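S.K.: Provided herewith: coords_29.txt, compact mmCIF, C-alpha atoms.
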```
# COMPACT_ATOMS: atom_id res chain seq x y z
CA MET A 448 9.30 34.67 -96.39
CA SER A 449 7.91 38.18 -96.64
CA ASP A 450 8.84 40.61 -93.88
CA PRO A 451 5.35 40.59 -92.24
CA LEU A 452 5.34 36.80 -92.15
CA THR A 453 8.91 36.70 -90.85
CA GLN A 454 7.97 39.20 -88.15
CA LEU A 455 4.99 37.12 -87.08
CA THR A 456 7.23 34.05 -87.01
CA TYR A 457 9.76 35.88 -84.84
CA GLN A 458 7.04 37.09 -82.46
CA ALA A 459 5.64 33.57 -82.17
CA PHE A 460 9.14 32.19 -81.67
CA GLN A 461 9.91 34.59 -78.82
CA TYR A 462 6.46 34.18 -77.29
CA SER A 463 6.88 30.41 -77.21
CA LYS A 464 10.28 30.79 -75.51
CA SER A 465 8.74 33.05 -72.89
CA VAL A 466 5.84 30.70 -72.25
CA LEU A 467 8.12 27.67 -71.95
CA SER A 468 10.45 29.56 -69.62
CA LEU A 469 7.59 30.59 -67.35
CA ALA A 470 6.16 27.08 -67.42
CA HIS A 471 9.54 25.67 -66.39
CA LYS A 472 9.83 28.15 -63.52
CA THR A 473 6.33 27.38 -62.28
CA LEU A 474 6.75 23.63 -62.45
CA SER A 475 10.29 23.60 -61.02
CA ASN A 476 9.23 25.81 -58.10
CA GLN A 477 6.35 23.43 -57.34
CA VAL A 478 8.65 20.40 -57.48
CA LEU A 479 11.27 22.02 -55.27
CA GLU A 480 8.63 23.06 -52.73
CA MET A 481 7.71 19.40 -52.41
CA VAL A 482 11.14 17.72 -52.40
CA ALA A 483 13.55 20.42 -51.18
CA PRO A 484 11.81 23.64 -50.16
CA PRO A 485 14.00 26.74 -49.92
CA THR A 486 14.96 27.92 -46.46
CA PRO A 487 12.90 30.91 -45.21
CA GLU A 488 15.66 33.43 -45.90
CA ARG A 489 15.79 32.30 -49.55
CA LYS A 490 12.12 32.88 -50.31
CA PRO A 491 11.58 35.89 -52.60
CA GLN A 492 9.21 38.77 -51.99
CA PRO A 493 6.03 38.60 -54.08
CA LEU A 494 6.10 41.17 -56.86
CA LYS A 495 3.30 43.71 -57.20
CA PRO A 496 1.02 43.23 -60.23
CA GLU A 497 2.12 46.56 -61.68
CA VAL A 498 5.78 45.48 -61.51
CA ILE A 499 4.97 42.20 -63.26
CA ASN A 500 3.16 44.16 -65.97
CA GLN A 501 6.15 46.49 -66.38
CA ILE A 502 8.47 43.51 -66.76
CA ARG A 503 6.20 41.97 -69.40
CA ALA A 504 5.96 45.26 -71.28
CA SER A 505 9.73 45.75 -71.24
CA LEU A 506 10.24 42.20 -72.52
CA GLU A 507 7.86 42.88 -75.40
CA GLN A 508 9.69 46.14 -76.09
CA ILE A 509 13.10 44.52 -76.33
CA TYR A 510 11.70 42.02 -78.83
CA GLN A 511 10.32 44.90 -80.88
CA THR A 512 13.68 46.65 -80.77
CA ASP A 513 15.42 43.41 -81.71
CA TRP A 514 13.22 43.01 -84.76
CA GLN A 515 13.54 46.66 -85.83
CA GLU A 516 17.32 46.63 -85.65
CA ALA A 517 17.45 43.50 -87.80
CA GLN A 518 15.19 45.23 -90.33
CA THR A 519 17.59 48.19 -90.56
CA GLY A 520 20.33 45.76 -91.60
CA LEU A 521 22.29 46.03 -88.37
CA TYR A 522 22.49 42.23 -88.30
CA PRO A 523 20.97 39.41 -90.36
CA THR A 524 17.36 38.53 -89.57
CA SER A 525 18.43 34.88 -89.40
CA ILE A 526 20.21 35.37 -86.07
CA LEU A 527 16.89 36.26 -84.46
CA PHE A 528 16.05 32.57 -84.71
CA ASP A 529 19.44 31.35 -83.51
CA THR A 530 18.49 28.91 -80.78
CA PRO A 531 20.59 25.78 -80.17
CA ILE A 532 17.73 23.28 -80.33
CA GLU A 533 20.08 20.30 -80.18
CA ASP A 534 21.67 21.59 -76.97
CA ILE A 535 18.25 22.28 -75.45
CA LEU A 536 17.02 18.76 -76.12
CA ARG A 537 20.27 17.28 -74.88
CA TYR A 538 20.77 19.33 -71.73
CA TYR A 539 17.27 20.20 -70.51
CA PRO A 540 16.87 16.88 -68.62
CA LEU A 541 20.27 17.49 -67.02
CA LEU A 542 19.10 20.95 -65.96
CA TRP A 543 16.47 19.29 -63.75
CA TRP A 544 19.03 16.99 -62.19
CA ASP A 545 21.35 19.92 -61.57
CA MET A 546 18.49 21.99 -60.11
CA LEU A 547 18.05 19.55 -57.24
CA GLN A 548 21.77 19.70 -56.44
CA MET A 549 21.70 23.48 -56.62
CA GLN A 550 18.78 23.70 -54.21
CA GLU A 551 20.48 21.46 -51.66
CA ARG A 552 23.72 23.42 -51.95
CA ALA A 553 21.90 26.74 -51.63
CA ASN A 554 19.89 25.68 -48.58
CA GLN A 555 23.10 24.54 -46.87
CA LYS A 556 24.97 27.72 -47.88
CA ARG A 557 27.72 25.77 -49.64
CA TYR A 558 28.81 28.62 -51.83
CA GLN A 559 32.36 27.59 -52.71
CA GLU A 560 32.02 23.92 -53.58
CA PHE A 561 33.77 22.32 -56.56
CA SER A 562 34.19 18.80 -57.87
CA PRO A 563 37.40 17.13 -56.63
CA GLU A 564 38.89 16.91 -60.12
CA ILE A 565 38.70 20.68 -60.65
CA ASP A 566 41.96 22.53 -60.07
CA THR A 567 41.11 25.89 -58.51
CA GLU A 568 44.69 27.08 -58.15
CA GLY A 569 45.53 30.39 -59.79
CA TYR A 570 42.03 31.83 -59.98
CA PRO A 571 41.08 35.04 -58.16
CA ARG A 572 39.43 34.30 -54.82
CA TYR A 573 36.32 36.22 -55.81
CA TYR A 574 35.87 33.92 -58.82
CA LEU A 575 35.77 30.71 -56.80
CA GLN A 576 32.06 30.89 -56.15
CA ASN A 577 29.06 28.79 -57.14
CA PHE A 578 27.52 31.78 -58.92
CA HIS A 579 23.74 31.23 -59.27
CA HIS A 580 24.42 28.16 -57.05
CA GLN A 581 25.41 26.40 -60.29
CA THR A 582 27.46 23.23 -59.99
CA ASP A 583 31.23 23.92 -60.14
CA GLY A 584 30.67 27.65 -60.63
CA TYR A 585 32.21 28.45 -64.01
CA LEU A 586 34.92 25.81 -63.89
CA SER A 587 33.48 22.66 -65.48
CA ASP A 588 32.17 21.45 -68.83
CA TRP A 589 28.96 20.47 -67.02
CA SER A 590 28.42 24.08 -66.01
CA ALA A 591 29.30 25.38 -69.48
CA ASN A 592 26.84 23.02 -71.15
CA LEU A 593 23.94 24.12 -68.96
CA TYR A 594 24.70 27.83 -68.73
CA ASP A 595 23.01 29.30 -71.82
CA LEU A 596 19.84 27.29 -71.31
CA GLY A 597 19.63 28.29 -67.66
CA VAL A 598 20.20 31.98 -68.38
CA ASP A 599 17.62 32.05 -71.16
CA ILE A 600 15.02 30.53 -68.82
CA LEU A 601 15.97 33.06 -66.14
CA PHE A 602 15.27 35.92 -68.56
CA ASN A 603 12.05 34.37 -69.95
CA GLY A 604 13.64 33.69 -73.33
CA GLY A 605 15.12 37.17 -73.69
CA ALA A 606 18.83 36.54 -73.02
CA ASP A 607 19.95 36.72 -76.66
CA ALA A 608 17.87 39.83 -77.36
CA MET A 609 19.64 41.42 -74.38
CA ARG A 610 23.05 40.41 -75.74
CA ARG A 611 22.25 41.79 -79.19
CA ARG A 612 21.65 45.27 -77.78
CA VAL A 613 25.42 45.78 -77.66
CA LEU A 614 25.59 45.51 -81.46
CA GLY A 615 24.05 48.88 -82.32
CA PRO A 616 26.35 50.95 -80.06
CA LEU A 617 29.33 48.85 -81.15
CA LYS A 618 28.63 49.43 -84.84
CA ALA A 619 28.04 53.14 -84.30
CA GLY A 620 31.27 53.44 -82.33
CA LEU A 621 33.33 51.64 -84.96
CA GLN A 622 32.30 54.23 -87.54
CA ALA A 623 35.02 56.41 -86.01
CA PHE A 624 37.47 54.21 -87.93
CA GLU A 625 36.27 54.88 -91.46
CA GLY A 626 39.80 54.51 -92.83
CA VAL A 627 40.20 51.01 -91.42
CA SER A 628 39.22 48.10 -93.65
CA ALA A 629 36.59 45.62 -92.52
CA ARG A 630 39.31 43.02 -92.00
CA GLY A 631 41.40 45.52 -90.08
CA LEU A 632 38.84 46.08 -87.35
CA ARG A 633 39.65 44.35 -84.06
CA VAL A 634 36.92 43.69 -81.49
CA LEU A 635 37.38 42.07 -78.07
CA ASP A 636 34.69 40.48 -75.91
CA VAL A 637 35.76 40.44 -72.25
CA ALA A 638 34.38 37.46 -70.29
CA CYS A 639 33.14 35.91 -73.53
CA GLY A 640 31.80 32.79 -71.76
CA THR A 641 30.21 30.33 -74.16
CA GLY A 642 30.71 32.67 -77.12
CA ARG A 643 27.13 33.70 -77.87
CA THR A 644 27.90 37.42 -77.93
CA LEU A 645 30.88 36.77 -80.21
CA LYS A 646 28.59 34.79 -82.51
CA PHE A 647 26.29 37.78 -82.86
CA ILE A 648 29.23 40.13 -83.37
CA ARG A 649 30.51 37.83 -86.12
CA ALA A 650 27.12 37.99 -87.86
CA THR A 651 27.27 41.79 -87.70
CA PHE A 652 30.94 42.09 -88.73
CA PRO A 653 31.68 39.08 -90.95
CA LYS A 654 35.23 40.16 -91.77
CA ALA A 655 36.42 41.76 -88.53
CA SER A 656 39.10 40.16 -86.36
CA LEU A 657 37.36 38.99 -83.21
CA TYR A 658 38.91 38.13 -79.87
CA GLY A 659 37.52 36.68 -76.65
CA VAL A 660 38.96 36.27 -73.17
CA ASP A 661 37.53 34.35 -70.26
CA LEU A 662 38.86 32.90 -67.02
CA SER A 663 37.18 29.54 -67.62
CA ALA A 664 38.84 26.97 -69.86
CA ALA A 665 35.59 24.98 -69.85
CA TYR A 666 33.55 27.90 -71.13
CA LEU A 667 36.18 28.66 -73.77
CA ARG A 668 35.89 25.06 -74.97
CA LYS A 669 32.15 25.55 -75.29
CA ALA A 670 32.73 28.82 -77.13
CA ASN A 671 35.06 27.12 -79.57
CA GLN A 672 32.39 24.48 -80.29
CA LEU A 673 29.86 27.23 -81.01
CA LEU A 674 32.11 29.45 -83.12
CA SER A 675 34.27 27.01 -85.08
CA PRO A 676 31.53 25.96 -87.58
CA ILE A 677 30.95 29.59 -88.66
CA PRO A 678 32.58 30.38 -92.04
CA GLY A 679 35.41 32.88 -92.03
CA GLU A 680 38.11 33.70 -89.57
CA LEU A 681 37.79 31.96 -86.21
CA PRO A 682 37.75 34.34 -83.22
CA GLN A 683 40.93 34.13 -81.17
CA LEU A 684 40.01 32.82 -77.71
CA ILE A 685 42.40 33.17 -74.79
CA GLN A 686 42.10 32.12 -71.16
CA ALA A 687 42.87 35.33 -69.28
CA ASN A 688 41.66 37.67 -66.56
CA GLY A 689 39.94 40.89 -67.61
CA GLU A 690 41.95 42.63 -64.89
CA ALA A 691 45.18 41.93 -66.79
CA LEU A 692 44.41 41.66 -70.51
CA PRO A 693 47.23 40.01 -72.51
CA TYR A 694 47.24 42.64 -75.27
CA GLN A 695 49.31 45.68 -76.12
CA ASP A 696 48.16 49.23 -75.52
CA ASN A 697 45.78 50.85 -78.03
CA TYR A 698 45.12 47.60 -79.91
CA PHE A 699 41.34 47.20 -80.25
CA HIS A 700 38.81 49.36 -82.04
CA GLY A 701 35.90 48.07 -79.99
CA ILE A 702 35.37 46.14 -76.75
CA THR A 703 32.23 44.53 -75.35
CA SER A 704 31.46 42.91 -72.01
CA VAL A 705 28.16 41.16 -71.27
CA PHE A 706 26.87 40.03 -67.85
CA LEU A 707 30.29 40.40 -66.17
CA PHE A 708 30.32 43.43 -63.90
CA HIS A 709 27.68 42.31 -61.39
CA GLU A 710 29.87 39.28 -60.61
CA LEU A 711 32.95 41.36 -59.81
CA PRO A 712 33.86 42.99 -56.51
CA PRO A 713 34.36 46.78 -56.77
CA VAL A 714 38.16 46.70 -57.04
CA ALA A 715 38.01 44.16 -59.87
CA ARG A 716 35.37 46.22 -61.68
CA GLN A 717 37.69 49.19 -61.66
CA LYS A 718 40.64 47.16 -62.92
CA VAL A 719 38.64 45.72 -65.82
CA ILE A 720 37.60 49.24 -66.84
CA GLU A 721 41.20 50.43 -66.62
CA GLU A 722 42.39 47.53 -68.74
CA ALA A 723 39.68 48.12 -71.33
CA TYR A 724 40.82 51.74 -71.59
CA ARG A 725 44.45 50.70 -71.94
CA VAL A 726 43.97 48.23 -74.79
CA LEU A 727 41.40 50.34 -76.65
CA GLN A 728 42.56 52.58 -79.47
CA PRO A 729 41.96 56.33 -79.23
CA GLY A 730 38.46 56.88 -80.57
CA GLY A 731 37.46 53.30 -79.75
CA VAL A 732 34.20 52.27 -78.11
CA PHE A 733 33.55 50.18 -74.98
CA VAL A 734 30.05 48.72 -74.56
CA ILE A 735 28.97 47.11 -71.29
CA CYS A 736 25.77 45.10 -70.84
CA ASP A 737 24.70 44.06 -67.36
CA SER A 738 21.81 44.10 -64.90
CA ILE A 739 19.63 47.12 -64.30
CA GLN A 740 20.54 49.09 -61.18
CA ALA A 741 18.60 50.41 -58.21
CA ILE A 742 20.06 53.87 -58.75
CA ASP A 743 17.96 54.38 -61.89
CA SER A 744 15.29 51.64 -61.75
CA PRO A 745 13.75 51.96 -58.26
CA GLU A 746 10.49 50.48 -59.54
CA PHE A 747 12.28 47.14 -59.87
CA LYS A 748 13.85 47.28 -56.41
CA GLU A 749 12.01 44.20 -55.09
CA MET A 750 12.96 42.19 -58.16
CA MET A 751 16.63 43.08 -57.71
CA GLU A 752 16.46 42.21 -54.02
CA ASN A 753 14.90 38.87 -54.95
CA PHE A 754 17.81 38.18 -57.29
CA SER A 755 20.25 38.45 -54.40
CA VAL A 756 18.03 36.27 -52.21
CA MET A 757 17.41 33.50 -54.72
CA PHE A 758 20.85 33.29 -56.34
CA HIS A 759 24.36 33.31 -54.97
CA GLU A 760 25.58 36.67 -56.28
CA PRO A 761 27.90 37.98 -53.57
CA TYR A 762 28.75 41.27 -55.33
CA TYR A 763 25.33 42.12 -56.74
CA ARG A 764 24.08 44.31 -53.89
CA HIS A 765 27.06 46.62 -54.29
CA TYR A 766 26.81 46.53 -58.07
CA ILE A 767 23.23 47.83 -58.22
CA THR A 768 24.31 51.03 -56.43
CA ASP A 769 27.71 51.39 -58.15
CA ASP A 770 28.15 54.36 -60.50
CA LEU A 771 29.90 52.75 -63.47
CA SER A 772 29.62 55.98 -65.47
CA ASP A 773 31.77 57.66 -62.85
CA ARG A 774 34.26 54.78 -62.92
CA LEU A 775 34.48 55.02 -66.71
CA SER A 776 34.94 58.78 -66.55
CA GLN A 777 37.68 58.54 -63.92
CA VAL A 778 39.94 56.49 -66.19
CA GLY A 779 39.46 58.83 -69.15
CA PHE A 780 36.44 57.58 -71.08
CA GLU A 781 34.26 60.31 -72.55
CA GLY A 782 30.92 60.62 -74.33
CA ILE A 783 29.47 58.17 -71.81
CA SER A 784 25.81 57.29 -72.28
CA THR A 785 23.47 54.63 -70.92
CA GLU A 786 20.49 52.69 -72.21
CA GLN A 787 18.06 50.27 -70.61
CA HIS A 788 16.38 47.33 -72.32
CA PHE A 789 14.21 44.86 -70.42
CA VAL A 790 16.14 44.12 -67.18
CA SER A 791 19.55 45.03 -68.60
CA LYS A 792 21.50 48.27 -68.58
CA TYR A 793 24.11 49.37 -71.10
CA TRP A 794 27.02 51.77 -70.88
CA ILE A 795 28.56 53.15 -74.07
CA ALA A 796 31.89 54.88 -73.54
CA HIS A 797 34.56 56.23 -75.90
CA LYS A 798 38.29 56.62 -75.51
CA LYS A 799 39.56 60.09 -76.28
CA HIS A 800 40.37 60.46 -79.97
CA THR A 801 43.88 61.74 -79.48
CA LEU A 802 46.40 61.02 -76.77
CA ALA A 803 49.98 62.17 -76.61
CA GLY A 804 52.06 59.85 -78.76
CA ASP A 805 49.04 57.82 -79.98
CA THR A 806 47.82 57.32 -83.50
CA VAL A 807 44.57 55.86 -84.71
CA LYS A 808 45.17 52.84 -86.96
```
Take the structure in the file and give it back as C-alpha cells.

M.R.:
Amino acid sequence: MSDPLTQLTYQAFQYSKSVLSLAHKTLSNQVLEMVAPPTPERKPQPLKPEVINQIRASLEQIYQTDWQEAQTGLYPTSILFDTPIEDILRYYPLLWWDMLQMQERANQKRYQEFSPEIDTEGYPRYYLQNFHHQTDGYLSDWSANLYDLGVDILFNGGADAMRRRVLGPLKAGLQAFEGVSARGLRVLDVACGTGRTLKFIRATFPKASLYGVDLSAAYLRKANQLLSPIPGELPQLIQANGEALPYQDNYFHGITSVFLFHELPPVARQKVIEEAYRVLQPGGVFVICDSIQAIDSPEFKEMMENFSVMFHEPYYRHYITDDLSDRLSQVGFEGISTEQHFVSKYWIAHKKHTLAGDTVK
C-alpha cells in the first residue's frame, strides 16, 4: 500500500479500537449498574466536557506521533497493526465473566484474594494485591490471558501506542554505544509482563540481545508464547524482582520499564531505580513509562482521582505526587528529561559516561 493509504488504514484501525473500547465501557457500566452496582464510594466523579475533549485530543496526538515515528524508520510500520485478534476473540467473552467477579470483589473490598491453588509464598507483601481488582492479581494464567485486552480497553485502544513511546528515547540513548555491534547491544525490560514491550523492542532492534524480568511466572509464560514465534534470538526471560536484579554491574546498554512504578510503594520504587543504575553501563539509558502525575498535569486531577476510586491501586495516590526525577538524580542518573503522551508520562535518564574503574563495552 502507498503511505497515504496505509496512514488512512492505521487511523481507521485505531479509531475502531477506540470506538469499540468506549462501547464496551458504556455497555459494561450499564450491565453492572443493573446486576451489581458499585458501592457509593466507588462511583467516579463526572469529568468536565473540556477534560474529555483534552483526553480525546491527546489520544489523537499519540496516534499521530506513533505514525510519524514509524515513517521515520524508528520501527516497522507493520507493528502499528499488531493486535492479537485471536486472543481478543478467545478471551473477550471471559472478560465479561471476570468483570462480574471483579465487581463483587471490589464492592466487598476483598483486595488480597487469590485462588487456593496459587502459592503466594516468597512474593513481596505489596505485590499480593488484586491490582485493578483483577482475579488472582498477577499470579495466574487466567489473569495473564485477560491483561492486555483489559488494559487496551482501559486506554481506549491506545495502550500499545503508549508502550511504543519508549522506543524513540531508547534508540537515541543507545547511540552512545556506536562502537558496539547490533548483536552486542543488551536491553532489559523490567516488569516485562506479557512481553508486548519486548515485542516492540525486538521489531526496533532485530539483532540486539533482549532480556525481561517479572515477578509473575504466569505472565512470563504468556510472554514466552508471544515472543517465541518471532524470528531471531529469543529474549531471555527470568522470574525476578526488580528490586534485586539477577545481573552483574554495568551489564546493560539500555533498560525500559512500562506501567510498573505506580504499582510500587515508595521504598520499592527507589530500590528499582537503584538496581537499574547498578546494572546499566556507563552512558546507558533508562526509560520509564507510567501514568501521568498530578504534579505536572493538574487539569487531569479528577481523572487521576477516579482511577484510584474505580481500581484497586493502593500506591497510586502517592505515585502521582512522587518526584521520580529527583529519585533518579539521587542515585546518579543525569541528563534527566520527561515527556507526556496521552495519559502516560516518560522519564529518560542516563548513567554517567565514566565511573571510576568502569569501561564502556

S.K.: Can you work out which one of A:Trp794, A:Phe578, A:Phe624, A:Phe647 has the shortest atom-to-atom distance to Pro761 (chain A), counting all atoms listed in the file?

M.R.: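 Using all atoms listed in the file, the shortest distance to Pro761 (chain A) belongs to A:Phe578.
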
S.K.: Grab the CA of Pro523 (chain A) to CA of Lys618 (chain A) distance for me, in Å with one decimal place.

M.R.: 13.8 Å

S.K.: Quick one: pull the distance between CA of Glu786 (chain A) and CA of Phe758 (chain A), Å, one decimal.

M.R.: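 Computing the Euclidean distance for CA of Glu786 (chain A) and CA of Phe758 (chain A) yields 25.1 Å.
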
S.K.: Restricting the calculation to only C-alpha atoms: of A:Gln576, A:Thr473, A:Ser562, A:Asn500, which residue gets closest to Trp589 (chain A)?

M.R.: A:Ser562

S.K.: Quick check, in Å to one decimal: how far apart do CA of Gln492 (chain A) and CA of Met546 (chain A) lie?

M.R.: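 Atom-to-atom, CA of Gln492 (chain A) and CA of Met546 (chain A) are spaced 20.8 Å apart.
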